[in-house]
file structure26.pdb (PDB, C-alpha atoms and all ligand atoms)
ATOM      1  CA  MET H   1      85.723  68.322  69.737
ATOM      2  CA  LYS H   2      85.804  66.783  73.184
ATOM      3  CA  ARG H   3      87.450  69.901  74.550
ATOM      4  CA  VAL H   4      84.770  72.135  73.060
ATOM      5  CA  ILE H   5      81.982  70.136  74.712
ATOM      6  CA  PHE H   6      83.806  70.255  78.018
ATOM      7  CA  MET H   7      84.248  74.000  77.741
ATOM      8  CA  CYS H   8      80.554  74.611  77.024
ATOM      9  CA  THR H   9      79.443  72.478  79.957
ATOM     10  CA  CYS H  10      81.859  74.350  82.134
ATOM     11  CA  LEU H  11      80.605  77.790  81.097
ATOM     12  CA  ALA H  12      76.972  76.774  81.555
ATOM     13  CA  ALA H  13      77.757  75.506  85.038
ATOM     14  CA  THR H  14      79.399  78.821  85.913
ATOM     15  CA  ALA H  15      76.316  80.751  84.789
ATOM     16  CA  VAL H  16      74.019  78.597  86.888
ATOM     17  CA  ALA H  17      76.280  78.876  89.912
ATOM     18  CA  ALA H  18      76.376  82.663  89.609
ATOM     19  CA  HIS H  19      72.594  82.869  89.820
ATOM     20  CA  GLN H  20      72.152  80.380  92.605
ATOM     21  CA  GLY H  21      70.934  81.855  95.834
ATOM     22  CA  VAL H  22      70.048  85.259  94.412
ATOM     23  CA  GLN H  23      67.123  86.413  96.515
ATOM     24  CA  ASN H  24      66.287  89.747  94.984
ATOM     25  CA  PRO H  25      64.259  89.322  91.760
ATOM     26  CA  THR H  26      65.419  92.722  90.479
ATOM     27  CA  VAL H  27      69.038  91.642  90.813
ATOM     28  CA  LYS H  28      68.241  88.256  89.256
ATOM     29  CA  ALA H  29      66.617  90.005  86.264
ATOM     30  CA  ARG H  30      69.669  92.169  85.585
ATOM     31  CA  MET H  31      72.002  89.177  85.950
ATOM     32  CA  ASP H  32      69.829  87.267  83.466
ATOM     33  CA  ASN H  33      70.089  90.266  81.139
ATOM     34  CA  MET H  34      73.906  90.105  81.315
ATOM     35  CA  SER H  35      73.878  86.311  80.862
ATOM     36  CA  ALA H  36      71.736  86.696  77.739
ATOM     37  CA  ILE H  37      74.222  89.213  76.352
ATOM     38  CA  ALA H  38      77.085  86.823  77.150
ATOM     39  CA  GLU H  39      75.260  83.883  75.499
ATOM     40  CA  ASN H  40      74.988  85.810  72.242
ATOM     41  CA  VAL H  41      78.601  86.937  72.419
ATOM     42  CA  LYS H  42      79.484  83.266  72.850
ATOM     43  CA  THR H  43      77.519  82.417  69.689
ATOM     44  CA  LEU H  44      79.659  84.924  67.767
ATOM     45  CA  GLY H  45      82.857  83.757  69.464
ATOM     46  CA  SER H  46      82.230  80.121  68.561
ATOM     47  CA  MET H  47      81.734  81.077  64.914
ATOM     48  CA  ALA H  48      84.844  83.263  64.998
ATOM     49  CA  LYS H  49      86.894  80.325  66.267
ATOM     50  CA  GLY H  50      85.338  77.914  63.802
ATOM     51  CA  GLN H  51      83.809  75.798  66.584
ATOM     52  CA  THR H  52      80.478  76.353  64.843
ATOM     53  CA  THR H  53      79.875  77.038  61.172
ATOM     54  CA  PHE H  54      79.651  80.691  60.179
ATOM     55  CA  ASP H  55      76.161  81.714  59.215
ATOM     56  CA  GLN H  56      75.512  85.343  58.375
ATOM     57  CA  ALA H  57      71.870  85.374  59.472
ATOM     58  CA  SER H  58      72.604  83.722  62.843
ATOM     59  CA  ALA H  59      75.546  86.046  63.453
ATOM     60  CA  ARG H  60      73.459  89.129  62.679
ATOM     61  CA  ASP H  61      70.632  87.780  64.868
ATOM     62  CA  ALA H  62      73.041  87.325  67.770
ATOM     63  CA  ALA H  63      74.319  90.894  67.322
ATOM     64  CA  LEU H  64      70.766  92.238  67.208
ATOM     65  CA  ALA H  65      69.865  90.290  70.358
ATOM     66  CA  ILE H  66      72.843  91.910  72.123
ATOM     67  CA  ALA H  67      71.612  95.347  71.026
ATOM     68  CA  THR H  68      68.096  94.609  72.312
ATOM     69  CA  HIS H  69      69.397  93.389  75.666
ATOM     70  CA  ALA H  70      71.684  96.419  75.919
ATOM     71  CA  VAL H  71      68.607  98.657  75.635
ATOM     72  CA  GLU H  72      67.016  96.709  78.499
ATOM     73  CA  THR H  73      70.178  97.027  80.601
ATOM     74  CA  THR H  74      69.514 100.680  81.418
ATOM     75  CA  THR H  75      65.964  99.935  82.602
ATOM     76  CA  LEU H  76      66.901  96.822  84.540
ATOM     77  CA  PHE H  77      69.670  98.578  86.451
ATOM     78  CA  GLN H  78      67.640 101.700  87.266
ATOM     79  CA  ASP H  79      66.621 100.366  90.682
ATOM     80  CA  PRO H  80      69.644 100.278  93.028
ATOM     81  CA  ALA H  81      68.664  96.838  94.273
ATOM     82  CA  THR H  82      71.232  94.804  96.160
ATOM     83  CA  ASP H  83      71.833  91.173  96.919
ATOM     84  CA  PRO H  84      74.742  89.410  98.621
ATOM     85  CA  LYS H  85      75.438  87.707  95.268
ATOM     86  CA  SER H  86      75.430  90.920  93.257
ATOM     87  CA  GLU H  87      78.638  92.119  91.649
ATOM     88  CA  ALA H  88      77.220  95.561  90.921
ATOM     89  CA  ARG H  89      79.117  98.524  92.380
ATOM     90  CA  ALA H  90      77.257 101.341  94.140
ATOM     91  CA  GLU H  91      78.966 103.771  91.712
ATOM     92  CA  ILE H  92      76.381 102.743  89.086
ATOM     93  CA  TRP H  93      73.750 104.837  90.846
ATOM     94  CA  GLU H  94      76.118 107.715  91.584
ATOM     95  CA  ASN H  95      77.019 107.950  87.896
ATOM     96  CA  PHE H  96      73.917 106.564  86.269
ATOM     97  CA  GLU H  97      74.269 108.825  83.231
ATOM     98  CA  ASP H  98      77.725 107.440  82.544
ATOM     99  CA  PHE H  99      76.488 103.879  83.132
ATOM    100  CA  THR H 100      73.687 104.507  80.638
ATOM    101  CA  ALA H 101      76.172 105.915  78.130
ATOM    102  CA  LYS H 102      78.199 102.691  78.362
ATOM    103  CA  ALA H 103      75.091 100.582  77.779
ATOM    104  CA  ASP H 104      74.229 102.826  74.812
ATOM    105  CA  GLU H 105      77.719 102.287  73.432
ATOM    106  CA  LEU H 106      77.228  98.503  73.540
ATOM    107  CA  GLU H 107      73.864  98.901  71.850
ATOM    108  CA  MET H 108      75.347 101.049  69.101
ATOM    109  CA  VAL H 109      78.237  98.667  68.393
ATOM    110  CA  ALA H 110      75.957  95.603  68.421
ATOM    111  CA  ARG H 111      73.319  97.236  66.227
ATOM    112  CA  GLN H 112      75.927  98.242  63.682
ATOM    113  CA  LEU H 113      77.270  94.679  63.619
ATOM    114  CA  SER H 114      73.755  93.332  63.093
ATOM    115  CA  ASN H 115      73.768  95.214  59.776
ATOM    116  CA  SER H 116      77.385  94.761  58.775
ATOM    117  CA  ILE H 117      78.580  91.210  59.546
ATOM    118  CA  SER H 118      78.932  89.573  56.136
ATOM    119  CA  VAL H 119      81.780  87.079  56.249
ATOM    120  CA  LYS H 120      83.464  85.056  58.972
ATOM    121  CA  ALA H 121      86.472  87.370  58.890
ATOM    122  CA  ASP H 122      84.247  90.199  60.189
ATOM    123  CA  LEU H 123      83.817  88.363  63.489
ATOM    124  CA  GLY H 124      87.352  89.000  64.736
ATOM    125  CA  VAL H 125      86.837  92.767  64.745
ATOM    126  CA  ALA H 126      83.277  92.294  65.998
ATOM    127  CA  MET H 127      84.491  90.380  69.051
ATOM    128  CA  LYS H 128      87.149  92.996  69.733
ATOM    129  CA  ASP H 129      84.690  95.896  69.477
ATOM    130  CA  LEU H 130      82.077  94.157  71.623
ATOM    131  CA  GLY H 131      84.664  93.080  74.175
ATOM    132  CA  ALA H 132      85.872  96.661  74.553
ATOM    133  CA  THR H 133      82.380  97.844  75.508
ATOM    134  CA  CYS H 134      81.914  95.067  78.112
ATOM    135  CA  LYS H 135      85.299  95.843  79.580
ATOM    136  CA  SER H 136      84.696  99.579  79.690
ATOM    137  CA  CYS H 137      81.586  99.119  81.856
ATOM    138  CA  HIS H 138      82.764  96.177  83.971
ATOM    139  CA  ALA H 139      85.990  97.982  84.869
ATOM    140  CA  ASP H 140      84.055 100.775  86.588
ATOM    141  CA  TYR H 141      80.820  99.171  87.656
ATOM    142  CA  ARG H 142      81.303  95.445  88.287
ATOM    143  CA  LYS H 143      83.111  94.068  91.329
TER
HETATM  144  C1  LIG W   1      76.562  99.346  81.059
HETATM  145  C2  LIG W   1      77.413  98.450  81.798
HETATM  146  C3  LIG W   1      77.684  97.070  81.324
HETATM  147  C4  LIG W   1      77.965  96.646  80.037
HETATM  148  C5  LIG W   1      78.078  97.477  78.757
HETATM  149  C6  LIG W   1      78.180  95.234  80.115
HETATM  150  N1  LIG W   1      78.016  94.792  81.406
HETATM  151 FE1  LIG W   1      78.049  92.857  82.062
HETATM  152  N2  LIG W   1      77.663  93.461  83.969
HETATM  153  C7  LIG W   1      77.497  94.765  84.376
HETATM  154  C8  LIG W   1      77.255  94.798  85.801
HETATM  155  C9  LIG W   1      77.032  96.042  86.640
HETATM  156  C10 LIG W   1      77.265  93.465  86.253
HETATM  157  C11 LIG W   1      77.011  92.955  87.691
HETATM  158  C12 LIG W   1      75.505  92.789  87.911
HETATM  159  C13 LIG W   1      75.146  92.250  89.296
HETATM  160  O1  LIG W   1      75.809  91.297  89.749
HETATM  161  O2  LIG W   1      74.219  92.761  89.895
HETATM  162  C14 LIG W   1      77.515  92.642  85.062
HETATM  163  C15 LIG W   1      77.575  91.263  85.069
HETATM  164  C16 LIG W   1      77.851  90.483  83.963
HETATM  165  C17 LIG W   1      77.877  89.033  83.973
HETATM  166  C18 LIG W   1      77.599  88.144  85.174
HETATM  167  C19 LIG W   1      76.102  87.898  85.255
HETATM  168  C20 LIG W   1      75.723  86.985  86.393
HETATM  169  O3  LIG W   1      75.188  85.912  86.117
HETATM  170  O4  LIG W   1      75.971  87.328  87.558
HETATM  171  C21 LIG W   1      78.204  88.630  82.705
HETATM  172  C22 LIG W   1      78.361  87.209  82.209
HETATM  173  C23 LIG W   1      78.381  89.824  81.903
HETATM  174  N3  LIG W   1      78.138  90.939  82.694
HETATM  175  C24 LIG W   1      78.728  89.825  80.570
HETATM  176  C25 LIG W   1      78.819  90.980  79.771
HETATM  177  C26 LIG W   1      79.263  90.986  78.386
HETATM  178  C27 LIG W   1      79.699  89.757  77.614
HETATM  179  C28 LIG W   1      79.197  92.276  77.965
HETATM  180  C29 LIG W   1      79.560  92.853  76.617
HETATM  181  C30 LIG W   1      79.073  92.264  75.425
HETATM  182  C31 LIG W   1      78.724  93.078  79.094
HETATM  183  N4  LIG W   1      78.527  92.259  80.167
HETATM  184  C32 LIG W   1      78.515  94.445  79.030
HETATM  185  C33 LIG W   1      77.539  95.877  83.564
HETATM  186  C34 LIG W   1      77.734  95.896  82.188
END

call {"tool": "encode", "arguments": {"input": "structure26.pdb", "output": "structure tokens"}}
result
Amino acid sequence: MKRVIFMCTCLAATAVAAHQGVQNPTVKARMDNMSAIAENVKTLGSMAKGQTTFDQASARDAALAIATHAVETTTLFQDPATDPKSEARAEIWENFEDFTAKADELEMVARQLSNSISVKADLGVAMKDLGATCKSCHADYRK
């Protein structure tokens, strides 16, 4: 239990540190969007690992929140705003259609999960499917 608490504190600290000193509000908004997605993935991950008790409604809510934020991703990244703290690659705006397609993919996967997660065992596959969509976009568009 002690380790779990330590881990959570540590992750929260990382998120705060990442946002510190961001000057551009447009960049801050898209980072917050990503952090919100990550928070909800963490909710599912904790249930998958048994660190928190599985609850179907909460799990589906988390998946739906990811889908909603994924819809916002496309809008929030439309402006090619920059900031020294940003990890966004310029390629996003050279290939915005592809970037959008990757956000749509995350939305689709998350929305499907928000209707399908029924038992704890579903979370393993859910985490794998979600993780693949994050990775697919980060590999090309995040420094
Ligand atoms: C459509 C592309 C795309 C998808 C899909 C995507 N990300 Fe991101 N993510 C980015 C980009 C680009 C950045 C860098 C933004 C910046 O620094 O300006 C980022 C940054 C982040 C950050 C750092 C935010 C910060 O505070 O600086 C986290 C955490 C993150 N993503 C988590 C996730 C997770 C978890 C998923 C999957 C569930 C995911 N992302 C899916 C593009 C994406």

call {"tool": "residues_around", "arguments": {"input": "structure26.pdb", "residues": "H:Lys143", "least_positions_apart": "4", "cutoff": "10 Å", "atoms": "all atoms listed in the file", "output": "PyMOL selection string"}}
result
chain H and resi 86-90+138-139

call {"tool": "resolve_selection", "arguments": {"input": "structure26.pdb", "expression": "the PyMOL selection byres (((chain H and resi 122) around 12) and not hetatm)", "output": "list in words"}}
result
Leu44, Gly45, Met47, Ala48, Lys49, Phe54, Asp55, Gln56, Ala59, Arg60, Leu113, Ser114, Asn115, Ser116, Ile117, Ser118, Val119, Lys120, Ala121, Leu123, Gly124, Val125, Ala126, Met127, Lys128 and Asp129 of chain H

call {"tool": "residues_around", "arguments": {"input": "structure26.pdb", "residues": "stretch 61-75 of chain H", "least_positions_apart": "6", "cutoff": "8 Å", "atoms": "all atoms listed in the file", "output": "list in words"}}
result
Arg30, Asn33, Met34, Ala36, Ile37, Asn40, Val41, Thr43, Leu44, Phe99, Thr100, Ala103, Asp104, Leu106, Glu107, Met108, Val109, Ala110, Arg111, Leu113 and Ser114 of chain H

call {"tool": "axis_aligned_box", "arguments": {"input": "structure26.pdb", "around": "ligand LIG 1 (chain W)", "padding_each_side": "6 Å", "output": "JSON"}}
result
{"center_x": 77.0, "center_y": 92.6, "center_z": 82.7, "size_x": 17.5, "size_y": 25.4, "size_z": 26.5}

call {"tool": "atom_distance", "arguments": {"input": "structure26.pdb", "atom1": "atom CA of H:Ser35", "atom2": "atom CA of H:Pro80"}}
result
19.0 Å

call {"tool": "atom_distance", "arguments": {"input": "structure26.pdb", "atom1": "atom CA of H:Glu91", "atom2": "atom C3 of ligand LIG 1 (chain W)"}}
result
12.4 Å

call {"tool": "atom_distance", "arguments": {"input": "structure26.pdb", "atom1": "atom CA of H:Ala38", "atom2": "atom CA of H:Asn95"}}
result
23.7 Å

call {"tool": "residues_around", "arguments": {"input": "structure26.pdb", "residues": "H:Pro25", "least_positions_apart": "6", "cutoff": "10 Å", "atoms": "all atoms listed in the file", "output": "list of chain:residue names"}}
result
H:Met31, H:Ala81, H:Thr82, H:Asp83

call {"tool": "closest_residue", "arguments": {"input": "structure26.pdb", "among": "H:Ala57, H:Ala132, H:Val27, H:Val22", "to": "H:Phe77", "atoms": "only C-alpha atoms"}}
result
H:Val27

call {"tool": "closest_residue", "arguments": {"input": "structure26.pdb", "among": "H:Cys134, H:Asp140, H:Asp79, H:Asp98", "to": "ligand LIG 1 (chain W)", "atoms": "all atoms listed in the file"}}
result
H:Cys134

call {"tool": "closest_residue", "arguments": {"input": "structure26.pdb", "among": "H:Lys102, H:Asn24, H:Thr52, H:Gln112", "to": "H:Ser136", "atoms": "only C-alpha atoms"}}
result
H:Lys102

call {"tool": "closest_residue", "arguments": {"input": "structure26.pdb", "among": "H:Asp32, H:Gly21, H:Ser46, H:Glu97", "to": "ligand LIG 1 (chain W)", "atoms": "only C-alpha atoms and all ligand atoms"}}
result
H:Asp32

call {"tool": "closest_residue", "arguments": {"input": "structure26.pdb", "among": "H:Leu130, H:Ile92, H:Leu76, H:Cys137", "to": "H:Ala29", "atoms": "all atoms listed in the file"}}
result
H:Leu76

call {"tool": "closest_residue", "arguments": {"input": "structure26.pdb", "among": "H:Gly50, H:Lys85, H:Glu94, H:Ser58", "to": "ligand LIG 1 (chain W)", "atoms": "only C-alpha atoms and all ligand atoms"}}
result
H:Lys85

call {"tool": "decode", "arguments": {"input": "structure26.pdb", "residues": "stretch 51-96 of chain H", "atoms": "C-alpha atoms", "output": "short mmCIF file (atom, residue, chain, number, x, y, z; two decimals), in the first residue's frame"}}
result
data_model
loop_
_atom_site.label_atom_id
_atom_site.label_comp_id
_atom_site.auth_asym_id
_atom_site.auth_seq_id
_atom_site.Cartn_x
_atom_site.Cartn_y
_atom_site.Cartn_z
CA GLN H 51 -4.88 -1.15 -6.66
CA THR H 52 -8.46 0.11 -6.66
CA THR H 53 -11.64 -1.94 -6.66
CA PHE H 54 -13.15 -2.67 -10.06
CA ASP H 55 -16.36 -0.79 -10.64
CA GLN H 56 -18.04 -1.10 -14.01
CA ALA H 57 -19.69 2.33 -13.96
CA SER H 58 -16.47 4.15 -12.97
CA ALA H 59 -14.47 2.24 -15.58
CA ARG H 60 -16.97 3.07 -18.32
CA ASP H 61 -17.04 6.71 -17.16
CA ALA H 62 -13.26 6.90 -17.39
CA ALA H 63 -13.36 5.44 -20.91
CA LEU H 64 -16.05 7.91 -21.95
CA ALA H 65 -14.03 10.80 -20.51
CA ILE H 66 -11.05 9.68 -22.63
CA ALA H 67 -13.28 9.65 -25.73
CA THR H 68 -14.57 13.16 -24.96
CA HIS H 69 -11.06 14.51 -24.44
CA ALA H 70 -9.88 12.80 -27.62
CA VAL H 71 -12.54 14.75 -29.55
CA GLU H 72 -11.19 17.97 -28.01
CA THR H 73 -7.61 17.02 -28.92
CA THR H 74 -8.11 17.83 -32.60
CA THR H 75 -9.50 21.30 -31.81
CA LEU H 76 -6.92 22.09 -29.15
CA PHE H 77 -4.00 21.21 -31.41
CA GLN H 78 -5.32 23.07 -34.46
CA ASP H 79 -3.30 26.19 -33.67
CA PRO H 80 0.44 25.53 -34.21
CA ALA H 81 1.29 27.30 -30.97
CA THR H 82 4.73 26.79 -29.48
CA ASP H 83 6.32 27.08 -26.09
CA PRO H 84 9.81 26.17 -24.87
CA LYS H 85 8.15 23.52 -22.67
CA SER H 86 6.12 21.98 -25.48
CA GLU H 87 6.89 18.45 -26.62
CA ALA H 88 4.81 18.80 -29.77
CA ARG H 89 6.61 18.19 -33.07
CA ALA H 90 6.14 20.58 -36.00
CA GLU H 91 5.10 17.54 -38.10
CA ILE H 92 1.65 17.76 -36.45
CA TRP H 93 0.80 20.75 -38.61
CA GLU H 94 2.40 19.32 -41.74
CA ASN H 95 0.30 16.17 -41.41
CA PHE H 96 -2.70 17.46 -39.54
#
